[in-house]
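Engineer: One structure coming up, written as structure tokens, with questions to follow.
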Amino acid sequence: MGEELNIRLAKREEASKILEFVKAFAKYEKMSKLVTLTEEDIVTNIFDNGYARVIFMEVEGKEIGFAIYFYSFSTFLGKSVLYLEDLFIENGMRGRGYGKQVLAYLAKTALIKKCIRFEWSCLRWNKPSIAIYEKLNATPMKEWIKFRLDGKELITLANKYEKEI
């Protein structure tokens, strides 16, 4: 275990720091070209609209990573679910147990918020993270296939609903 980790909610005035971490995370996942996020998007969608929450991981007062999460809902159980969208720790700070501490923090947050589950996704090639999740006894959801609509496909489907919302 490394130095003591502090976990705290990000503040509106730290939108630029969030954006820095998003770009570093995208680079790690080989997806830099997909990032169109701006500081204004962060302020509007995270802080004004409350669509997600961001936490920073700090060691000795310096941010070393971030996580972004939000709440979804289990239809069958009628309860909220905490969904971890992304978790990123700077390269030199990995392997010190900080990621596990963040997962424990989010698990505790889920229980405090009376969530029935804590869920996340992981890219198949990310073997180090998968190994950690398996050690925590997290269950891979192999029977579920994640689907996505975006870009022109999203617009095409949306245009099929002609009434006002």
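Numbering starts fresh at 1 for the residues of each chain in the structure tokens, the chains themselves are lettered A, B, ... in the order given, and ligands are numbered from 1 as they appear.
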Residues of chain A classed as alpha helix (DSSP H) by DSSP on the backbone are to be reported as a PyMOL selection string.

Structural biologist: chain A and resi 15-28+39-42+98-112+127-135+151-158

Engineer: Using only C-alpha atoms, which protein or nucleic acid residues come within 12 Å of range 113-118 of chain A? Drop anything in the same chain fewer than 3 positions from it, and give the result as a PyMOL selection string.

Structural biologist: chain A and resi 69-85+103-110+121+138-139

Engineer: Just the number, please: distance in Å from CA of Pro128 in chain A to CA of Ile68 in chain A, one decimal.

Structural biologist: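 So the answer is 19.7 Å.
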
Engineer: Please return, as a PyMOL selection string, all residues of chain A that DSSP assigns to strand (DSSP E) on the basis of the backbone.

Structural biologist: chain A and resi 5-9+53-59+62-74+79-89+117-120

Engineer: Output the selection as a short mmCIF file (atom, residue, chain, number, x, y, z; two decimals), in the first residue's frame - N, CA and C atoms for each residue.

Structural biologist:
data_model
loop_
_atom_site.label_atom_id
_atom_site.label_comp_id
_atom_site.auth_asym_id
_atom_site.auth_seq_id
_atom_site.Cartn_x
_atom_site.Cartn_y
_atom_site.Cartn_z
N LEU A 5 -4.54 7.60 0.89
CA LEU A 5 -5.40 8.13 -0.17
C LEU A 5 -6.54 8.93 0.44
N ASN A 6 -6.80 10.11 -0.12
CA ASN A 6 -7.96 10.90 0.23
C ASN A 6 -8.89 10.89 -0.98
N ILE A 7 -10.17 10.63 -0.75
CA ILE A 7 -11.17 10.64 -1.81
C ILE A 7 -12.16 11.75 -1.50
N ARG A 8 -12.42 12.59 -2.51
CA ARG A 8 -13.34 13.70 -2.29
C ARG A 8 -14.11 14.02 -3.56
N LEU A 9 -15.30 14.61 -3.37
CA LEU A 9 -16.10 15.05 -4.52
C LEU A 9 -15.41 16.22 -5.21
N ARG A 53 -21.61 12.31 -10.93
CA ARG A 53 -20.74 12.84 -9.87
C ARG A 53 -19.31 12.45 -10.19
N VAL A 54 -18.39 13.29 -9.77
CA VAL A 54 -16.98 13.02 -9.99
C VAL A 54 -16.27 13.06 -8.64
N ILE A 55 -15.42 12.07 -8.42
CA ILE A 55 -14.57 12.09 -7.23
C ILE A 55 -13.12 12.13 -7.69
N PHE A 56 -12.31 12.80 -6.89
CA PHE A 56 -10.87 12.82 -7.10
C PHE A 56 -10.21 11.95 -6.07
N MET A 57 -9.12 11.32 -6.47
CA MET A 57 -8.24 10.60 -5.56
C MET A 57 -7.04 11.50 -5.36
N GLU A 58 -6.68 11.72 -4.10
CA GLU A 58 -5.54 12.57 -3.79
C GLU A 58 -4.55 11.83 -2.91
N VAL A 59 -3.29 12.06 -3.19
CA VAL A 59 -2.20 11.58 -2.34
C VAL A 59 -1.32 12.79 -2.07
N LYS A 62 -2.24 16.02 -3.87
CA LYS A 62 -2.20 16.09 -5.33
C LYS A 62 -3.18 15.07 -5.91
N GLU A 63 -3.99 15.52 -6.87
CA GLU A 63 -4.92 14.61 -7.54
C GLU A 63 -4.13 13.60 -8.38
N ILE A 64 -4.43 12.32 -8.17
CA ILE A 64 -3.74 11.25 -8.91
C ILE A 64 -4.70 10.44 -9.77
N GLY A 65 -5.97 10.76 -9.68
CA GLY A 65 -6.95 10.03 -10.47
C GLY A 65 -8.35 10.54 -10.22
N PHE A 66 -9.29 9.97 -10.95
CA PHE A 66 -10.68 10.37 -10.79
C PHE A 66 -11.60 9.20 -11.09
N ALA A 67 -12.82 9.32 -10.66
CA ALA A 67 -13.87 8.38 -11.03
C ALA A 67 -15.13 9.18 -11.27
N ILE A 68 -15.94 8.70 -12.19
CA ILE A 68 -17.23 9.33 -12.49
C ILE A 68 -18.30 8.26 -12.35
N TYR A 69 -19.38 8.61 -11.65
CA TYR A 69 -20.45 7.65 -11.43
C TYR A 69 -21.80 8.34 -11.46
N PHE A 70 -22.84 7.53 -11.57
CA PHE A 70 -24.21 8.06 -11.57
C PHE A 70 -25.13 6.97 -11.05
N TYR A 71 -26.39 7.32 -10.88
CA TYR A 71 -27.36 6.35 -10.39
C TYR A 71 -28.31 5.96 -11.51
N SER A 72 -28.55 4.66 -11.62
CA SER A 72 -29.57 4.15 -12.53
C SER A 72 -30.62 3.45 -11.66
N PHE A 73 -31.47 2.64 -12.26
CA PHE A 73 -32.59 2.09 -11.52
C PHE A 73 -32.87 0.66 -11.96
N SER A 74 -33.10 -0.22 -11.01
CA SER A 74 -33.49 -1.60 -11.29
C SER A 74 -35.01 -1.68 -11.35
N LYS A 79 -35.28 -0.39 -7.01
CA LYS A 79 -34.25 0.28 -6.21
C LYS A 79 -33.20 0.89 -7.14
N SER A 80 -32.45 1.82 -6.58
CA SER A 80 -31.40 2.50 -7.31
C SER A 80 -30.15 1.62 -7.42
N VAL A 81 -29.36 1.89 -8.44
CA VAL A 81 -28.10 1.20 -8.70
C VAL A 81 -27.02 2.25 -8.89
N LEU A 82 -25.88 2.09 -8.22
CA LEU A 82 -24.75 2.99 -8.45
C LEU A 82 -23.96 2.40 -9.62
N TYR A 83 -23.75 3.21 -10.66
CA TYR A 83 -23.02 2.77 -11.84
C TYR A 83 -21.74 3.58 -11.98
N LEU A 84 -20.62 2.88 -11.93
CA LEU A 84 -19.31 3.50 -12.13
C LEU A 84 -19.05 3.57 -13.63
N GLU A 85 -19.00 4.77 -14.15
CA GLU A 85 -18.77 4.95 -15.58
C GLU A 85 -17.28 4.82 -15.91
N ASP A 86 -16.43 5.51 -15.17
CA ASP A 86 -15.00 5.46 -15.44
C ASP A 86 -14.20 5.63 -14.15
N LEU A 87 -13.07 4.96 -14.12
CA LEU A 87 -12.11 5.05 -13.01
C LEU A 87 -10.73 5.10 -13.63
N PHE A 88 -9.95 6.11 -13.26
CA PHE A 88 -8.62 6.26 -13.84
C PHE A 88 -7.65 6.73 -12.78
N ILE A 89 -6.49 6.10 -12.77
CA ILE A 89 -5.39 6.48 -11.87
C ILE A 89 -4.15 6.67 -12.73
N ARG A 117 -27.40 -2.46 -5.98
CA ARG A 117 -26.22 -2.98 -6.69
C ARG A 117 -25.22 -1.87 -6.95
N PHE A 118 -24.02 -2.31 -7.28
CA PHE A 118 -22.93 -1.44 -7.74
C PHE A 118 -22.42 -2.11 -9.01
N GLU A 119 -22.49 -1.42 -10.13
CA GLU A 119 -22.14 -2.01 -11.42
C GLU A 119 -21.13 -1.14 -12.17
N TRP A 120 -20.43 -1.78 -13.11
CA TRP A 120 -19.52 -1.08 -14.00
C TRP A 120 -19.22 -2.00 -15.18
#

Engineer: I'd like the contact shell of Trp125 in chain A - 12 Å cut-off, only C-alpha atoms, skipping same-chain residues fewer than 6 positions apart - returned as a PyMOL selection string.

Structural biologist: chain A and resi 28-30+131

Engineer: What's the separation between CA of Glu39 in chain A and CA of Ile18 in chain A, in Å to one decimal place?

Structural biologist: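 These two atoms are separated by 8.2 Å.
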
Engineer: Using CA of Ile112 in chain A and CA of Glu90 in chain A as the two end points, give the distance in Å to one decimal.

Structural biologist: 28.2 Å

Engineer: Would you mind telling me which residue in A:Met93, A:Arg12, A:Ser32, A:Glu20 lies nearest to Ile46 in chain A when using only C-alpha atoms?

Structural biologist: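 Under the stated criterion, the closest residue is A:Arg12.
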